[in-house]
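Coordinates from run_36.csv are shown below (CSV, C-alpha atoms and all ligand atoms).
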```csv
chain,number,residue,atom,x,y,z
A,1,MET,CA,-0.7,3.6,-20.0
A,2,THR,CA,1.3,2.9,-16.8
A,3,ARG,CA,-0.3,0.0,-14.8
A,4,VAL,CA,-0.2,0.1,-11.1
A,5,LEU,CA,-1.4,-2.5,-8.6
A,6,CYS,CA,-2.4,-1.0,-5.3
A,7,VAL,CA,-2.6,-3.6,-2.5
A,8,SER,CA,-3.9,-3.1,1.0
A,9,GLY,CA,-3.6,-5.7,3.8
A,10,PRO,CA,-5.4,-6.9,6.9
A,11,ASN,CA,-8.1,-4.8,8.6
A,12,LEU,CA,-7.9,-2.0,6.0
A,13,GLN,CA,-11.4,-3.0,4.7
A,14,LEU,CA,-12.6,-1.4,8.0
A,15,LEU,CA,-11.3,2.1,7.1
A,16,GLY,CA,-14.0,4.7,7.8
A,17,THR,CA,-14.9,3.2,11.1
A,18,ARG,CA,-11.6,1.7,12.3
A,19,GLU,CA,-9.9,3.9,14.9
A,20,PRO,CA,-10.9,7.1,13.0
A,21,GLU,CA,-8.7,9.2,15.3
A,22,ILE,CA,-5.8,7.4,13.7
A,23,TYR,CA,-7.0,6.5,10.2
A,24,GLY,CA,-9.6,9.1,9.5
A,25,THR,CA,-13.1,8.5,8.2
A,26,MET,CA,-12.6,7.8,4.5
A,27,THR,CA,-13.7,4.3,3.5
A,28,LEU,CA,-11.4,2.0,1.6
A,29,ALA,CA,-13.8,2.3,-1.4
A,30,GLN,CA,-13.5,6.1,-1.3
A,31,LEU,CA,-9.7,5.8,-1.0
A,32,HIS,CA,-9.5,3.5,-3.9
A,33,ALA,CA,-11.7,5.9,-6.0
A,34,LYS,CA,-9.3,8.8,-5.0
A,35,VAL,CA,-6.2,6.9,-6.0
A,36,ARG,CA,-7.7,5.7,-9.3
A,37,ALA,CA,-8.8,9.3,-10.1
A,38,ARG,CA,-5.3,10.6,-9.6
A,39,GLY,CA,-4.0,7.8,-11.7
A,40,LYS,CA,-6.3,8.7,-14.5
A,41,GLU,CA,-5.1,12.3,-14.4
A,42,LEU,CA,-1.5,11.0,-14.6
A,43,GLY,CA,-2.3,8.5,-17.4
A,44,ALA,CA,-2.1,5.4,-15.2
A,45,SER,CA,-4.5,2.7,-14.6
A,46,VAL,CA,-4.6,1.7,-10.9
A,47,THR,CA,-6.1,-1.6,-9.8
A,48,CYS,CA,-6.9,-1.7,-6.1
A,49,LYS,CA,-7.2,-4.8,-4.0
A,50,GLN,CA,-7.5,-5.6,-0.3
A,51,SER,CA,-7.1,-8.9,1.6
A,52,ASN,CA,-6.8,-10.0,5.2
A,53,HIS,CA,-4.8,-13.1,4.1
A,54,GLU,CA,-1.0,-13.1,3.7
A,55,GLY,CA,-1.1,-15.9,1.1
A,56,GLU,CA,-3.5,-14.0,-1.1
A,57,LEU,CA,-1.4,-10.8,-0.8
A,58,CYS,CA,1.6,-13.0,-1.8
A,59,ASP,CA,-0.3,-14.4,-4.8
A,60,TRP,CA,-1.3,-11.0,-6.0
A,61,ILE,CA,2.2,-9.5,-5.7
A,62,GLY,CA,3.8,-12.6,-7.1
A,63,GLY,CA,1.4,-12.6,-10.0
A,64,ALA,CA,1.9,-8.9,-10.9
A,65,GLY,CA,4.8,-9.4,-13.2
A,66,GLY,CA,3.9,-8.7,-16.9
A,67,LYS,CA,0.5,-7.3,-15.8
A,68,TYR,CA,1.6,-4.3,-13.9
A,69,ASP,CA,4.6,-1.8,-14.0
A,70,GLY,CA,4.7,-1.1,-10.3
A,71,LEU,CA,3.2,-1.7,-6.9
A,72,LEU,CA,1.8,0.3,-4.0
A,73,LEU,CA,1.6,-1.8,-0.8
A,74,ASN,CA,0.0,-1.0,2.5
A,75,GLY,CA,0.6,-4.3,4.2
A,76,GLY,CA,-1.1,-3.2,7.5
A,77,ALA,CA,0.3,-5.1,10.5
A,78,LEU,CA,2.0,-7.6,8.1
A,79,SER,CA,4.4,-4.8,7.1
A,80,HIS,CA,6.0,-5.2,10.5
A,81,THR,CA,6.3,-9.0,10.5
A,82,SER,CA,6.1,-10.6,7.1
A,83,LEU,CA,9.2,-12.0,5.5
A,84,VAL,CA,6.7,-13.6,3.0
A,85,LEU,CA,5.7,-10.2,1.7
A,86,PHE,CA,9.4,-9.1,1.6
A,87,ASP,CA,10.3,-12.1,-0.5
A,88,ALA,CA,7.2,-11.7,-2.7
A,89,ILE,CA,8.2,-8.1,-3.6
A,90,LYS,CA,11.8,-9.2,-4.2
A,91,ALA,CA,10.7,-12.1,-6.3
A,92,VAL,CA,8.5,-10.1,-8.6
A,93,ALA,CA,11.1,-7.5,-9.1
A,94,LEU,CA,8.7,-4.6,-9.8
A,95,PRO,CA,9.2,-1.2,-8.0
A,96,CYS,CA,7.1,-1.2,-4.9
A,97,VAL,CA,6.3,1.8,-2.6
A,98,GLU,CA,5.4,1.0,1.0
A,99,VAL,CA,2.4,3.1,2.1
A,100,HIS,CA,0.9,3.7,5.5
A,101,LEU,CA,-2.0,6.1,6.5
A,102,SER,CA,-0.5,6.7,9.9
A,103,ASN,CA,3.2,7.2,10.7
A,104,PRO,CA,4.1,3.8,12.4
A,105,GLU,CA,7.4,5.2,13.7
A,106,ALA,CA,5.5,7.8,15.8
A,107,ARG,CA,3.3,5.0,17.3
A,108,ASP,CA,3.9,1.8,19.3
A,109,ALA,CA,7.4,0.5,19.4
A,110,TYR,CA,6.3,-2.8,17.7
A,111,ARG,CA,5.3,-0.7,14.7
A,112,HIS,CA,8.7,0.9,14.3
A,113,LYS,CA,10.2,-1.9,12.3
A,114,SER,CA,9.2,-2.4,8.7
A,115,MET,CA,9.9,-5.9,7.4
A,116,ILE,CA,9.2,-4.9,3.8
A,117,ALA,CA,11.0,-1.5,3.6
A,118,GLY,CA,14.2,-3.2,2.3
A,119,ALA,CA,12.4,-4.6,-0.7
A,120,CYS,CA,10.7,-1.3,-1.6
A,121,VAL,CA,12.0,1.7,-3.6
A,122,GLY,CA,10.5,4.2,-1.2
A,123,LYS,CA,7.9,4.7,1.5
A,124,VAL,CA,5.2,7.3,2.2
A,125,VAL,CA,3.6,7.4,5.6
A,126,GLY,CA,1.6,9.7,7.9
A,127,PHE,CA,-0.5,11.6,5.4
A,128,GLY,CA,-3.8,9.6,5.7
A,129,PRO,CA,-5.4,8.8,2.3
A,130,ASP,CA,-3.0,11.2,0.7
A,131,SER,CA,-0.2,8.8,1.5
A,132,TYR,CA,-1.5,6.6,-1.3
A,133,VAL,CA,-1.8,9.5,-3.7
A,134,LEU,CA,1.7,10.7,-2.9
A,135,ALA,CA,3.1,7.2,-3.2
A,136,LEU,CA,1.4,6.8,-6.6
A,137,GLU,CA,2.9,10.1,-7.8
A,138,GLY,CA,6.3,9.0,-6.6
A,139,LEU,CA,6.0,5.6,-8.2
A,140,ILE,CA,4.9,7.0,-11.6
A,141,ALA,CA,7.7,9.6,-11.6
A,142,ARG,CA,10.2,6.8,-10.9
A,143,LEU,CA,8.7,4.5,-13.6
A,144,ARG,CA,8.9,7.4,-16.2
A,145,ALA,CA,12.3,8.7,-15.2
B,201,LIG,C1,-1.1,0.9,8.9
B,201,LIG,C2,-0.1,0.9,10.1
B,201,LIG,C3,0.1,-0.5,10.7
B,201,LIG,O1,1.0,-0.4,11.8
B,201,LIG,C4,-1.2,-1.0,11.1
B,201,LIG,O2,-1.1,-2.3,11.6
B,201,LIG,C5,-2.3,-1.0,10.1
B,201,LIG,C6,-2.4,0.3,9.3
B,201,LIG,C7,-1.4,2.3,8.3
B,201,LIG,O3,-1.8,2.4,7.2
B,201,LIG,O4,-1.2,3.3,9.0
B,201,LIG,O5,-3.1,-1.9,9.9
B,201,LIG,O6,-0.5,0.1,7.9
```

I need this file expressed as structure tokens, please.
Ligand code: DQA
Amino acid sequence: MTRVLCVSGPNLQLLGTREPEIYGTMTLAQLHAKVRARGKELGASVTCKQSNHEGELCDWIGGAGGKYDGLLLNGGALSHTSLVLFDAIKAVALPCVEVHLSNPEARDAYRHKSMIAGACVGKVVGFGPDSYVLALEGLIARLRA
């Protein structure tokens, strides 16, 4: 069984009501259920977590070694700013896919830079909740290659 840790960062607990014209109307709980269901089809267990706190995200990523085979990370706004998350991904040395519901590069200039991309094996953006599913498929394919 492939073990995946799916981590979402600040403000993503508000999915469903947060700027639905950008992020859609699916709640985070529904999104997690969708990702876990696809994982099950692919023979992977997916553990989903969300935090608004950089240190907690750092703890989860840093503690993933030995418990998980790979990571999905939607760092929210921290994706654009956090050297802490970059270092955490590098330190744990598990393959990590950066995920965004929206396409940050098609939005405000301050969202164009990803601080974590250089620590990730790939990135899936712009497909709403399907970004998570596509990222999971890519991560699993890579882990099994
Ligand atoms: C986001 C994009 C970020 O720029 C933003 O700060 C978020 C959500 C996304 O999933 O599209 O919080 O990560």

With distances taken over all atoms listed in the file, which residue among A:Thr47, A:Thr27, A:Ser82, A:Ser8 lies nearest ligand LIG 201 (chain B)?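 Of A:Thr47, A:Thr27, A:Ser82, A:Ser8, the one nearest ligand LIG 201 (chain B), counting all atoms listed in the file, is A:Ser8.
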
Atom CA of Asn74 of chain A to atom CA of Ala37 of chain A: how many Å, to one decimal?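 Value for the atom CA of Asn74 of chain A-atom CA of Ala37 of chain A distance: 18.5 Å.
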
Using only C-alpha atoms and all ligand atoms, which residues have at least one atom no more than 6 Å from ligand LIG 201 (chain B)? Output them as a PDB file with C-alpha atoms, keeping the file's coordinate frame.
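Final output, saved to part10.pdb:
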```pdb
ATOM      1  CA  ASN A  11      -8.100  -4.800   8.600  1.00  0.00           C
ATOM      2  CA  ASN A  74       0.000  -1.000   2.500  1.00  0.00           C
ATOM      3  CA  GLY A  75       0.600  -4.300   4.200  1.00  0.00           C
ATOM      4  CA  GLY A  76      -1.100  -3.200   7.500  1.00  0.00           C
ATOM      5  CA  ALA A  77       0.300  -5.100  10.500  1.00  0.00           C
ATOM      6  CA  HIS A 100       0.900   3.700   5.500  1.00  0.00           C
ATOM      7  CA  LEU A 101      -2.000   6.100   6.500  1.00  0.00           C
ATOM      8  CA  SER A 102      -0.500   6.700   9.900  1.00  0.00           C
ATOM      9  CA  PRO A 104       4.100   3.800  12.400  1.00  0.00           C
ATOM     10  CA  ARG A 111       5.300  -0.700  14.700  1.00  0.00           C
TER      11      ARG A 111
END
```

Provide the atom CA of Trp60 of chain A to atom CA of Pro20 of chain A distance in Å, to one decimal place. 27.9 Å

Please compute the atom CA of Glu137 of chain A-atom CA of Ala88 of chain A distance, one decimal, in Å. 22.8 Å

Could you give me, as a ChimeraX atom specification, the residues that have an atom at most 12 Å away from the point (5.7, 8.6, -1.1) in the coordinates of the file, using all atoms listed in the file? /A:72-74,96-101,120-142

Since the input lacks atoms, please generate N, CA, C and O atoms for segment 51-71 of chain A and provide them as a short mmCIF file (atom, residue, chain, number, x, y, z; two decimals), in the frame of the given file.
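Saved to selection_7.cif:
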```cif
data_model
loop_
_atom_site.label_atom_id
_atom_site.label_comp_id
_atom_site.auth_asym_id
_atom_site.auth_seq_id
_atom_site.Cartn_x
_atom_site.Cartn_y
_atom_site.Cartn_z
N SER A 51 -6.88 -7.57 1.00
CA SER A 51 -7.10 -8.90 1.60
C SER A 51 -6.61 -8.93 3.01
O SER A 51 -5.63 -8.25 3.36
N ASN A 52 -7.27 -9.77 3.80
CA ASN A 52 -6.80 -10.00 5.20
C ASN A 52 -5.85 -11.20 5.24
O ASN A 52 -5.38 -11.54 6.33
N HIS A 53 -5.54 -11.80 4.08
CA HIS A 53 -4.80 -13.10 4.10
C HIS A 53 -3.44 -12.93 3.44
O HIS A 53 -3.33 -12.55 2.27
N GLU A 54 -2.44 -13.25 4.20
CA GLU A 54 -1.00 -13.10 3.70
C GLU A 54 -0.80 -13.83 2.43
O GLU A 54 -0.15 -13.30 1.53
N GLY A 55 -1.32 -15.07 2.35
CA GLY A 55 -1.10 -15.90 1.10
C GLY A 55 -1.72 -15.23 -0.09
O GLY A 55 -1.14 -15.28 -1.18
N GLU A 56 -2.89 -14.64 0.07
CA GLU A 56 -3.50 -14.00 -1.10
C GLU A 56 -2.76 -12.74 -1.49
O GLU A 56 -2.57 -12.50 -2.69
N LEU A 57 -2.27 -11.98 -0.52
CA LEU A 57 -1.40 -10.80 -0.80
C LEU A 57 -0.20 -11.28 -1.61
O LEU A 57 0.22 -10.67 -2.60
N CYS A 58 0.39 -12.38 -1.14
CA CYS A 58 1.60 -13.00 -1.80
C CYS A 58 1.25 -13.39 -3.20
O CYS A 58 2.04 -13.12 -4.12
N ASP A 59 0.09 -14.01 -3.41
CA ASP A 59 -0.30 -14.40 -4.80
C ASP A 59 -0.46 -13.20 -5.68
O ASP A 59 -0.02 -13.23 -6.83
N TRP A 60 -1.09 -12.15 -5.17
CA TRP A 60 -1.30 -11.00 -6.00
C TRP A 60 0.03 -10.30 -6.38
O TRP A 60 0.24 -9.91 -7.52
N ILE A 61 0.92 -10.17 -5.39
CA ILE A 61 2.20 -9.50 -5.70
C ILE A 61 3.03 -10.42 -6.60
O ILE A 61 3.56 -9.95 -7.61
N GLY A 62 3.06 -11.70 -6.29
CA GLY A 62 3.80 -12.60 -7.10
C GLY A 62 3.31 -12.75 -8.54
O GLY A 62 4.07 -13.05 -9.46
N GLY A 63 2.01 -12.50 -8.72
CA GLY A 63 1.40 -12.60 -10.00
C GLY A 63 1.38 -11.31 -10.81
O GLY A 63 0.83 -11.24 -11.91
N ALA A 64 2.01 -10.28 -10.26
CA ALA A 64 1.90 -8.90 -10.90
C ALA A 64 2.86 -8.74 -12.06
O ALA A 64 2.64 -7.85 -12.88
N GLY A 65 3.87 -9.59 -12.16
CA GLY A 65 4.80 -9.40 -13.20
C GLY A 65 4.16 -9.58 -14.61
O GLY A 65 3.35 -10.48 -14.81
N GLY A 66 4.46 -8.66 -15.52
CA GLY A 66 3.90 -8.70 -16.90
C GLY A 66 2.51 -8.06 -16.94
O GLY A 66 2.06 -7.69 -18.02
N LYS A 67 1.83 -7.95 -15.79
CA LYS A 67 0.50 -7.30 -15.80
C LYS A 67 0.54 -5.89 -15.32
O LYS A 67 -0.33 -5.08 -15.63
N TYR A 68 1.53 -5.59 -14.46
CA TYR A 68 1.60 -4.30 -13.90
C TYR A 68 3.08 -3.76 -13.98
O TYR A 68 4.02 -4.55 -14.10
N ASP A 69 3.22 -2.44 -13.90
CA ASP A 69 4.60 -1.80 -14.00
C ASP A 69 5.12 -1.54 -12.60
O ASP A 69 6.33 -1.35 -12.46
N GLY A 70 4.25 -1.41 -11.60
CA GLY A 70 4.70 -1.10 -10.30
C GLY A 70 3.64 -1.36 -9.23
O GLY A 70 2.47 -1.57 -9.58
N LEU A 71 4.06 -1.33 -7.98
CA LEU A 71 3.20 -1.70 -6.90
C LEU A 71 3.14 -0.62 -5.80
O LEU A 71 4.17 -0.01 -5.48
#
```
